[in-house]
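Data from input.cif: mmCIF, C-alpha atoms
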data_target
#
loop_
_atom_site.label_atom_id
_atom_site.label_comp_id
_atom_site.auth_asym_id
_atom_site.auth_seq_id
_atom_site.Cartn_x
_atom_site.Cartn_y
_atom_site.Cartn_z
CA MET A 1 9.38 -8.18 -27.91
CA THR A 2 8.67 -5.62 -25.21
CA SER A 3 11.58 -3.25 -24.59
CA PRO A 4 12.86 -2.95 -21.00
CA LYS A 5 11.43 -0.14 -18.95
CA THR A 6 13.69 2.88 -18.51
CA VAL A 7 14.46 4.69 -15.26
CA LEU A 8 16.54 7.82 -14.79
CA ILE A 9 18.24 8.21 -11.41
CA THR A 10 20.01 11.39 -10.30
CA GLY A 11 23.08 11.51 -8.05
CA THR A 12 24.49 8.05 -8.77
CA SER A 13 28.23 8.55 -8.22
CA SER A 14 28.05 7.14 -4.68
CA GLY A 15 25.81 6.11 -1.80
CA ILE A 16 22.10 5.47 -2.22
CA GLY A 17 22.05 6.62 -5.84
CA LEU A 18 24.78 4.20 -6.85
CA ALA A 19 23.10 1.34 -5.01
CA ALA A 20 19.71 2.18 -6.51
CA ALA A 21 21.18 2.19 -10.02
CA ILE A 22 22.72 -1.25 -9.51
CA GLY A 23 19.51 -2.55 -7.92
CA ALA A 24 17.32 -1.22 -10.74
CA ALA A 25 19.56 -2.77 -13.38
CA ARG A 26 19.52 -6.10 -11.53
CA ALA A 27 15.73 -5.90 -11.61
CA GLY A 28 15.88 -5.59 -15.41
CA TRP A 29 15.46 -1.84 -15.85
CA THR A 30 17.39 0.09 -18.45
CA THR A 31 19.02 2.47 -16.00
CA ILE A 32 20.15 5.98 -16.88
CA ALA A 33 22.59 6.78 -14.08
CA THR A 34 23.20 10.50 -13.95
CA MET A 35 25.69 12.58 -12.02
CA ARG A 36 27.01 16.12 -12.11
CA ASP A 37 30.59 14.98 -12.78
CA THR A 38 30.85 11.87 -14.95
CA GLY A 39 34.54 11.73 -14.05
CA LYS A 40 33.30 10.19 -10.78
CA ALA A 41 31.58 7.26 -12.50
CA ALA A 42 34.35 4.71 -11.80
CA ALA A 43 32.78 3.30 -8.61
CA LEU A 44 29.40 2.86 -10.31
CA LEU A 45 30.88 1.21 -13.39
CA LYS A 46 33.00 -1.12 -11.24
CA SER A 47 29.92 -2.13 -9.23
CA ALA A 48 27.93 -2.64 -12.43
CA ALA A 49 30.63 -4.92 -13.85
CA GLU A 50 30.80 -6.91 -10.62
CA ALA A 51 27.01 -7.32 -10.67
CA GLY A 52 27.02 -8.27 -14.36
CA VAL A 53 24.63 -5.45 -15.29
CA GLU A 54 26.93 -3.07 -17.15
CA GLU A 55 24.90 -3.47 -20.36
CA LEU A 56 21.80 -2.10 -18.60
CA ILE A 57 23.49 1.00 -17.14
CA GLN A 58 24.18 4.14 -19.12
CA VAL A 59 25.98 7.05 -17.45
CA LYS A 60 24.94 10.57 -18.39
CA ARG A 61 25.89 13.98 -17.07
CA LEU A 62 23.09 15.82 -15.29
CA ASP A 63 23.37 18.84 -13.02
CA VAL A 64 20.00 19.28 -11.33
CA THR A 65 20.59 23.05 -11.09
CA ASP A 66 20.98 23.40 -14.88
CA SER A 67 17.52 23.69 -16.45
CA ALA A 68 18.72 23.57 -20.05
CA GLY A 69 20.91 20.56 -19.27
CA ILE A 70 17.99 18.76 -17.63
CA THR A 71 15.78 19.17 -20.70
CA ALA A 72 18.57 18.12 -23.04
CA CYS A 73 19.34 15.01 -20.97
CA LEU A 74 15.70 13.88 -20.81
CA ASP A 75 15.13 14.51 -24.52
CA GLU A 76 18.24 12.48 -25.29
CA VAL A 77 17.09 9.59 -23.09
CA VAL A 78 13.69 9.42 -24.78
CA ALA A 79 15.25 9.72 -28.25
CA GLU A 80 17.62 6.85 -27.51
CA HIS A 81 15.29 4.54 -25.58
CA GLY A 82 11.86 5.55 -26.81
CA ARG A 83 10.41 6.03 -23.33
CA LEU A 84 10.91 7.09 -19.73
CA ASP A 85 9.01 4.98 -17.22
CA ALA A 86 10.37 6.24 -13.91
CA LEU A 87 12.35 9.07 -12.37
CA VAL A 88 14.27 8.67 -9.12
CA ASN A 89 15.21 12.03 -7.64
CA ASN A 90 18.21 11.23 -5.43
CA ALA A 91 20.78 13.99 -5.95
CA GLY A 92 21.31 16.13 -2.86
CA ALA A 93 23.84 18.01 -0.77
CA ALA A 94 24.14 18.35 3.00
CA GLN A 95 24.59 21.71 4.71
CA ILE A 96 25.60 21.94 8.37
CA GLY A 97 25.26 25.13 10.36
CA THR A 98 22.89 27.38 12.25
CA ILE A 99 21.28 30.41 10.71
CA GLU A 100 23.01 33.11 12.75
CA GLN A 101 26.36 31.84 11.47
CA SER A 102 25.30 30.85 7.96
CA SER A 103 24.92 33.25 5.07
CA LEU A 104 21.71 33.50 3.09
CA ASP A 105 23.76 32.34 0.11
CA ASP A 106 24.49 29.11 2.02
CA VAL A 107 20.78 28.60 2.62
CA ARG A 108 19.89 29.41 -0.98
CA ALA A 109 22.53 26.96 -2.25
CA ALA A 110 21.05 24.17 -0.11
CA MET A 111 17.57 24.94 -1.40
CA GLU A 112 18.78 25.11 -5.00
CA VAL A 113 20.14 21.56 -5.03
CA ASN A 114 17.82 19.83 -2.59
CA PHE A 115 14.51 21.47 -3.52
CA PHE A 116 14.60 23.41 -6.78
CA GLY A 117 16.70 20.69 -8.42
CA VAL A 118 14.01 18.13 -7.58
CA VAL A 119 11.29 20.44 -8.87
CA ALA A 120 13.17 21.14 -12.11
CA VAL A 121 13.88 17.50 -12.96
CA THR A 122 10.36 16.40 -12.04
CA ARG A 123 8.80 19.17 -14.13
CA ALA A 124 10.87 18.22 -17.18
CA ALA A 125 10.17 14.48 -16.76
CA LEU A 126 6.40 14.68 -16.29
CA PRO A 127 5.40 14.84 -19.99
CA HIS A 128 7.40 11.66 -20.64
CA LEU A 129 6.02 9.96 -17.54
CA ARG A 130 2.47 10.85 -18.55
CA ALA A 131 3.10 9.12 -21.87
CA SER A 132 4.30 5.94 -20.16
CA ARG A 133 1.97 6.17 -17.14
CA GLY A 134 5.11 6.01 -15.05
CA ARG A 135 6.19 7.18 -11.64
CA VAL A 136 8.29 9.67 -9.69
CA ILE A 137 10.22 8.37 -6.68
CA THR A 138 12.02 11.00 -4.63
CA VAL A 139 14.57 10.34 -1.92
CA THR A 140 13.87 12.80 0.84
CA SER A 141 15.01 12.05 4.41
CA VAL A 142 13.70 11.59 7.90
CA GLY A 143 14.98 15.17 8.02
CA GLY A 144 12.06 16.08 5.77
CA VAL A 145 9.69 15.04 8.56
CA VAL A 146 11.58 15.84 11.77
CA GLY A 147 13.64 19.04 11.82
CA GLN A 148 17.13 18.42 13.17
CA PRO A 149 19.65 20.69 14.92
CA PHE A 150 22.29 22.36 12.74
CA ASN A 151 20.49 21.07 9.62
CA GLU A 152 18.14 24.02 9.24
CA ALA A 153 18.66 24.69 5.53
CA TYR A 154 18.86 21.00 4.62
CA CYS A 155 15.74 20.07 6.56
CA ALA A 156 13.88 23.11 5.24
CA ALA A 157 14.62 21.91 1.70
CA LYS A 158 13.56 18.34 2.48
CA PHE A 159 10.36 19.55 4.18
CA ALA A 160 9.69 21.58 1.04
CA VAL A 161 10.22 18.51 -1.15
CA GLU A 162 7.78 16.50 0.99
CA GLY A 163 5.14 19.22 0.73
CA PHE A 164 5.70 19.62 -3.00
CA MET A 165 5.41 15.90 -3.67
CA GLN A 166 2.40 15.39 -1.40
CA SER A 167 0.64 18.24 -3.20
CA LEU A 168 1.64 16.91 -6.63
CA ALA A 169 0.65 13.29 -5.94
CA PRO A 170 -3.15 13.54 -6.37
CA VAL A 171 -2.82 15.75 -9.44
CA ALA A 172 -0.23 13.48 -11.09
CA ALA A 173 -2.41 10.46 -10.35
CA THR A 174 -5.20 11.90 -12.52
CA VAL A 175 -2.89 11.56 -15.54
CA GLY A 176 -1.56 8.13 -14.57
CA VAL A 177 1.67 9.08 -12.78
CA ASP A 178 2.39 7.68 -9.29
CA VAL A 179 4.37 9.82 -6.81
CA THR A 180 6.33 8.36 -3.88
CA VAL A 181 8.81 9.73 -1.36
CA VAL A 182 11.41 7.50 0.28
CA GLU A 183 12.69 8.55 3.71
CA PRO A 184 16.05 7.07 4.74
CA GLY A 185 17.47 7.47 8.20
CA ALA A 186 21.21 7.40 8.85
CA VAL A 187 23.03 5.83 5.90
CA ALA A 188 26.72 4.90 5.89
CA SER A 189 27.68 6.61 2.65
CA GLU A 190 29.91 9.32 1.22
CA PHE A 191 27.10 11.87 1.60
CA VAL A 192 28.30 12.89 5.06
CA ALA A 193 31.98 12.44 4.28
CA ASN A 194 31.58 14.68 1.23
CA LEU A 195 30.78 17.61 3.49
CA GLY A 196 34.52 17.99 3.99
CA LEU A 197 34.00 19.66 7.36
CA ASP A 198 36.90 20.66 9.55
CA LEU A 199 35.05 19.92 12.79
CA PRO A 200 37.65 21.40 15.18
CA ALA A 201 37.58 24.63 13.17
CA LEU A 202 33.77 24.53 13.04
CA LEU A 203 33.56 24.14 16.81
CA ALA A 204 36.12 26.89 17.37
CA ALA A 205 34.05 29.24 15.22
CA ALA A 206 30.70 28.25 16.75
CA GLY A 207 30.90 30.72 19.63
CA PRO A 208 27.89 30.40 21.94
CA TYR A 209 26.63 27.45 19.87
CA ALA A 210 29.79 25.35 20.44
CA PRO A 211 28.42 23.19 23.30
CA ALA A 212 25.25 22.38 21.35
CA LEU A 213 27.22 21.66 18.16
CA ASP A 214 29.64 19.41 20.03
CA ALA A 215 26.73 17.44 21.51
CA TYR A 216 25.10 17.17 18.09
CA VAL A 217 28.29 15.95 16.40
CA THR A 218 28.85 13.35 19.14
CA ARG A 219 25.30 12.04 18.83
CA THR A 220 25.47 11.99 15.02
CA ARG A 221 28.72 10.02 14.98
CA GLN A 222 27.14 7.44 17.26
CA SER A 223 24.01 7.14 15.09
CA PHE A 224 26.04 6.69 11.91
CA GLY A 225 27.89 3.85 13.62
CA ASN A 226 24.62 1.88 13.38
CA ALA A 227 23.57 3.22 9.98
CA GLN A 228 22.03 1.31 7.09
CA THR A 229 24.21 0.47 4.15
CA PRO A 230 23.43 2.28 0.89
CA ALA A 231 22.16 -1.02 -0.56
CA GLU A 232 19.76 -1.48 2.36
CA ALA A 233 18.44 2.06 1.95
CA ALA A 234 18.15 1.67 -1.82
CA ALA A 235 16.21 -1.61 -1.71
CA PRO A 236 12.82 0.07 -1.02
CA ILE A 237 13.44 2.38 -3.99
CA VAL A 238 13.93 -0.60 -6.30
CA ASP A 239 10.87 -2.29 -4.79
CA ALA A 240 8.79 0.84 -5.39
CA LEU A 241 9.70 0.78 -9.08
CA ALA A 242 7.83 -2.52 -9.46
CA LEU A 243 4.86 -2.08 -7.12
CA PRO A 244 1.53 -1.84 -8.98
CA ARG A 245 0.40 0.98 -6.70
CA PRO A 246 3.26 2.25 -4.53
CA PRO A 247 2.39 4.11 -1.32
CA PHE A 248 3.10 7.81 -1.15
CA ARG A 249 5.55 7.51 1.76
CA ILE A 250 8.12 4.77 2.44
CA GLN A 251 10.61 4.66 5.31
CA THR A 252 13.72 2.54 4.68
CA SER A 253 14.09 0.93 8.12
CA PRO A 254 12.24 0.25 11.37
CA TRP A 255 14.30 3.01 12.99
CA ALA A 256 13.22 5.49 10.30
CA ARG A 257 9.56 4.49 10.79
CA ASP A 258 9.80 4.95 14.57
CA PHE A 259 11.61 8.28 14.19
CA THR A 260 9.17 9.76 11.69
CA ALA A 261 6.26 8.47 13.77
CA THR A 262 7.14 11.12 16.33
CA THR A 263 5.63 13.56 13.82
CA LEU A 264 3.56 11.43 11.47
CA ALA A 265 0.45 9.47 12.34
CA ASP A 266 -0.23 8.66 8.68
CA LEU A 267 2.97 6.66 8.11
CA ASP A 268 2.39 5.56 4.53
CA GLY A 269 0.55 8.70 3.43
CA SER A 270 -2.66 6.85 2.53
CA ALA A 271 -4.97 8.94 4.73
CA VAL A 272 -3.79 12.23 3.24
CA ARG A 273 -3.93 10.76 -0.27
CA ALA A 274 -7.48 9.49 0.29
CA LEU A 275 -8.45 13.00 1.36
CA THR A 276 -6.74 14.94 -1.44
CA ASP A 277 -7.56 12.44 -4.20
CA ALA A 278 -11.21 13.18 -3.52
CA TRP A 279 -10.57 16.88 -4.16
CA VAL A 280 -9.52 16.30 -7.78
CA ARG A 281 -11.94 13.55 -8.81
#

For this file, write the structure as structure tokens.
Amino acid sequence: MTSPKTVLITGTSSGIGLAAAIGAARAGWTTIATMRDTGKAAALLKSAAEAGVEELIQVKRLDVTDSAGITACLDEVVAEHGRLDALVNNAGAAQIGTIEQSSLDDVRAAMEVNFFGVVAVTRAALPHLRASRGRVITVTSVGGVVGQPFNEAYCAAKFAVEGFMQSLAPVAATVGVDVTVVEPGAVASEFVANLGLDLPALLAAAGPYAPALDAYVTRTRQSFGNAQTPAEAAAPIVDALALPRPPFRIQTSPWARDFTATTLADLDGSAVRALTDAWVR
């Protein structure tokens, strides 16, 4: 009897990560749902029980900024399940501010989680994914394609992830590993709420940037009023796990496709992949 395929998903305590973990388990995947603080697993476990998939979900601690912990977690997964067929890089952290009023430490912290964390987990997973001829699916953002006001550090990290993954894709393909990025637009999840921003205090401290910040916050609140649910945004991730040859780039909604099209002409990444694949074959 063939054992179920195994997927590891980072950042599953809420939002897209939680929904992707439930969706993957419903699709029959053995799902390793990781999070930095396993004390926050209650919502995931409740959702898993309600969906009847608790036997397919295993919660593990994983901090994407801890290199030793990443290696230990992946080694443990392969020892317990015999394989790793897919990695979903989802863990991330927002950072609101403009560079004149942000410290370099703030910028470095955003890059550490949103970029270097993705690089570290992907690097550690690749030997296992080569063995299974698996795939890497990374949740980026429309903010990795279109830079957005007061999201300079966050968008810089997401742009870096997009460039890293687009560069990796043709090389990984030569050893049987598919690489895909998934670009959600506005998603109604705890990701934004978890910022814990005191907006009146932020505006009061914004000085000459206060009018622009106020306009940005007003616009953002309106856009999140029409946001996708986490389950809607996670559905393309689950679909990409099963596709025989997933595209490099997937947007999660018509709005996200229209928005990224303001920058991208090659919406699914096939033209760039056709070009760069030829360079390594």

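Considering the residues A:Ala86, A:Ile57, A:Ala125, A:Leu74 and counting all atoms listed in the file, A:Ala25 has its shortest atom-to-atom contact with A:Ile57.
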
| task | Have a look at A:Gly23, A:Val179, A:Leu168, A:Leu56 and name the one nearest to A:Asn89; count all atoms listed in the file. | result | A:Val179

| task | Pick out the residues sitting within 12 Å of A:Ala271, and hand them over as a list in words; count all atoms listed in the file, and ignore anything fewer than 6 positions along from it in its own chain. | result | Gln166, Pro247, Phe248, Arg249, Leu264, Ala265, Asp277 and Ala278 of chain A

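The space between atom CA of A:Asp37 and atom CA of A:Arg61 spans 6.4 Å.
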
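Our summary of the geometry notes that atom CA of A:Ser132 is positioned 20.4 Å from atom CA of A:Thr34.
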
| field | Residues near A:Ile32, cut-off 8 Å, only C-alpha atoms, skip fewer than 3 positions along chain, as number ranges by chain | value | A: 6-9, 21, 57-60, 77

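Residues captured in this structure file are Ser141, Val142, Val181, Val182, Glu183, Pro184, Gly185, Ala233, Pro236, Arg249, Ile250, Thr252, Ser253, Pro254, Trp255, Ala256, Arg257, Thr260, Leu267 and Asp268 of chain A, according to the PyMOL selection byres ((chain A and resi 251) around 9).
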
| request: Please indicate the distance in Å from atom CA of A:Met111 to atom CA of A:Pro200, rounded to one decimal place. | output: 26.3 Å

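Each of A:Ile237, A:Ala157, A:Leu104, A:Ala206 was checked against A:Ile137 using only C-alpha atoms; the smallest atom-to-atom distance is that of A:Ile237.
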
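Among the candidates A:Ile96, A:Val121, A:Val136, A:Leu18, the residue lying nearest to A:Cys155 is A:Ile96 (atoms considered: all atoms listed in the file).
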
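The residues returned by the PyMOL selection byres ((chain A and resi 130) around 10) on the shown structure are Leu84, Asp85, Ala125, Leu126, Pro127, His128, Leu129, Ala131, Ser132, Arg133, Gly134, Arg135, Ala172, Ala173, Thr174, Val175, Gly176, Val177 and Asp178 of chain A.
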
Next, write the just-selected residues to a file, as a PDB file, keeping the file's coordinate frame, keeping C-alpha atoms as the atom set.
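See part-v7.pdb below for the written result:
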ATOM      1  CA  LEU A  84      10.910   7.090 -19.730  1.00  0.00           C
ATOM      2  CA  ASP A  85       9.010   4.980 -17.220  1.00  0.00           C
ATOM      3  CA  ALA A 125      10.170  14.480 -16.760  1.00  0.00           C
ATOM      4  CA  LEU A 126       6.400  14.680 -16.290  1.00  0.00           C
ATOM      5  CA  PRO A 127       5.400  14.840 -19.990  1.00  0.00           C
ATOM      6  CA  HIS A 128       7.400  11.660 -20.640  1.00  0.00           C
ATOM      7  CA  LEU A 129       6.020   9.960 -17.540  1.00  0.00           C
ATOM      8  CA  ALA A 131       3.100   9.120 -21.870  1.00  0.00           C
ATOM      9  CA  SER A 132       4.300   5.940 -20.160  1.00  0.00           C
ATOM     10  CA  ARG A 133       1.970   6.170 -17.140  1.00  0.00           C
ATOM     11  CA  GLY A 134       5.110   6.010 -15.050  1.00  0.00           C
ATOM     12  CA  ARG A 135       6.190   7.180 -11.640  1.00  0.00           C
ATOM     13  CA  ALA A 172      -0.230  13.480 -11.090  1.00  0.00           C
ATOM     14  CA  ALA A 173      -2.410  10.460 -10.350  1.00  0.00           C
ATOM     15  CA  THR A 174      -5.200  11.900 -12.520  1.00  0.00           C
ATOM     16  CA  VAL A 175      -2.890  11.560 -15.540  1.00  0.00           C
ATOM     17  CA  GLY A 176      -1.560   8.130 -14.570  1.00  0.00           C
ATOM     18  CA  VAL A 177       1.670   9.080 -12.780  1.00  0.00           C
ATOM     19  CA  ASP A 178       2.390   7.680  -9.290  1.00  0.00           C
TER      20      ASP A 178
END

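Minimum distance to A:Asp266 across A:Ala235, A:Ala212, A:Val145, A:Leu62 (counting only C-alpha atoms) occurs at A:Val145.
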
Quick one: residues within 7 Å of A:Gly11, all atoms listed in the file counted, chain neighbours fewer than 4 positions away excluded, as an mmCIF file with C-alpha atoms, keeping the file's coordinate frame?
data_model
loop_
_atom_site.group_PDB
_atom_site.id
_atom_site.type_symbol
_atom_site.label_atom_id
_atom_site.label_comp_id
_atom_site.auth_asym_id
_atom_site.auth_seq_id
_atom_site.Cartn_x
_atom_site.Cartn_y
_atom_site.Cartn_z
ATOM 1 C CA GLY A 17 22.050 6.620 -5.840
ATOM 2 C CA THR A 34 23.200 10.500 -13.950
ATOM 3 C CA MET A 35 25.690 12.580 -12.020
ATOM 4 C CA ASN A 90 18.210 11.230 -5.430
ATOM 5 C CA ALA A 91 20.780 13.990 -5.950
#
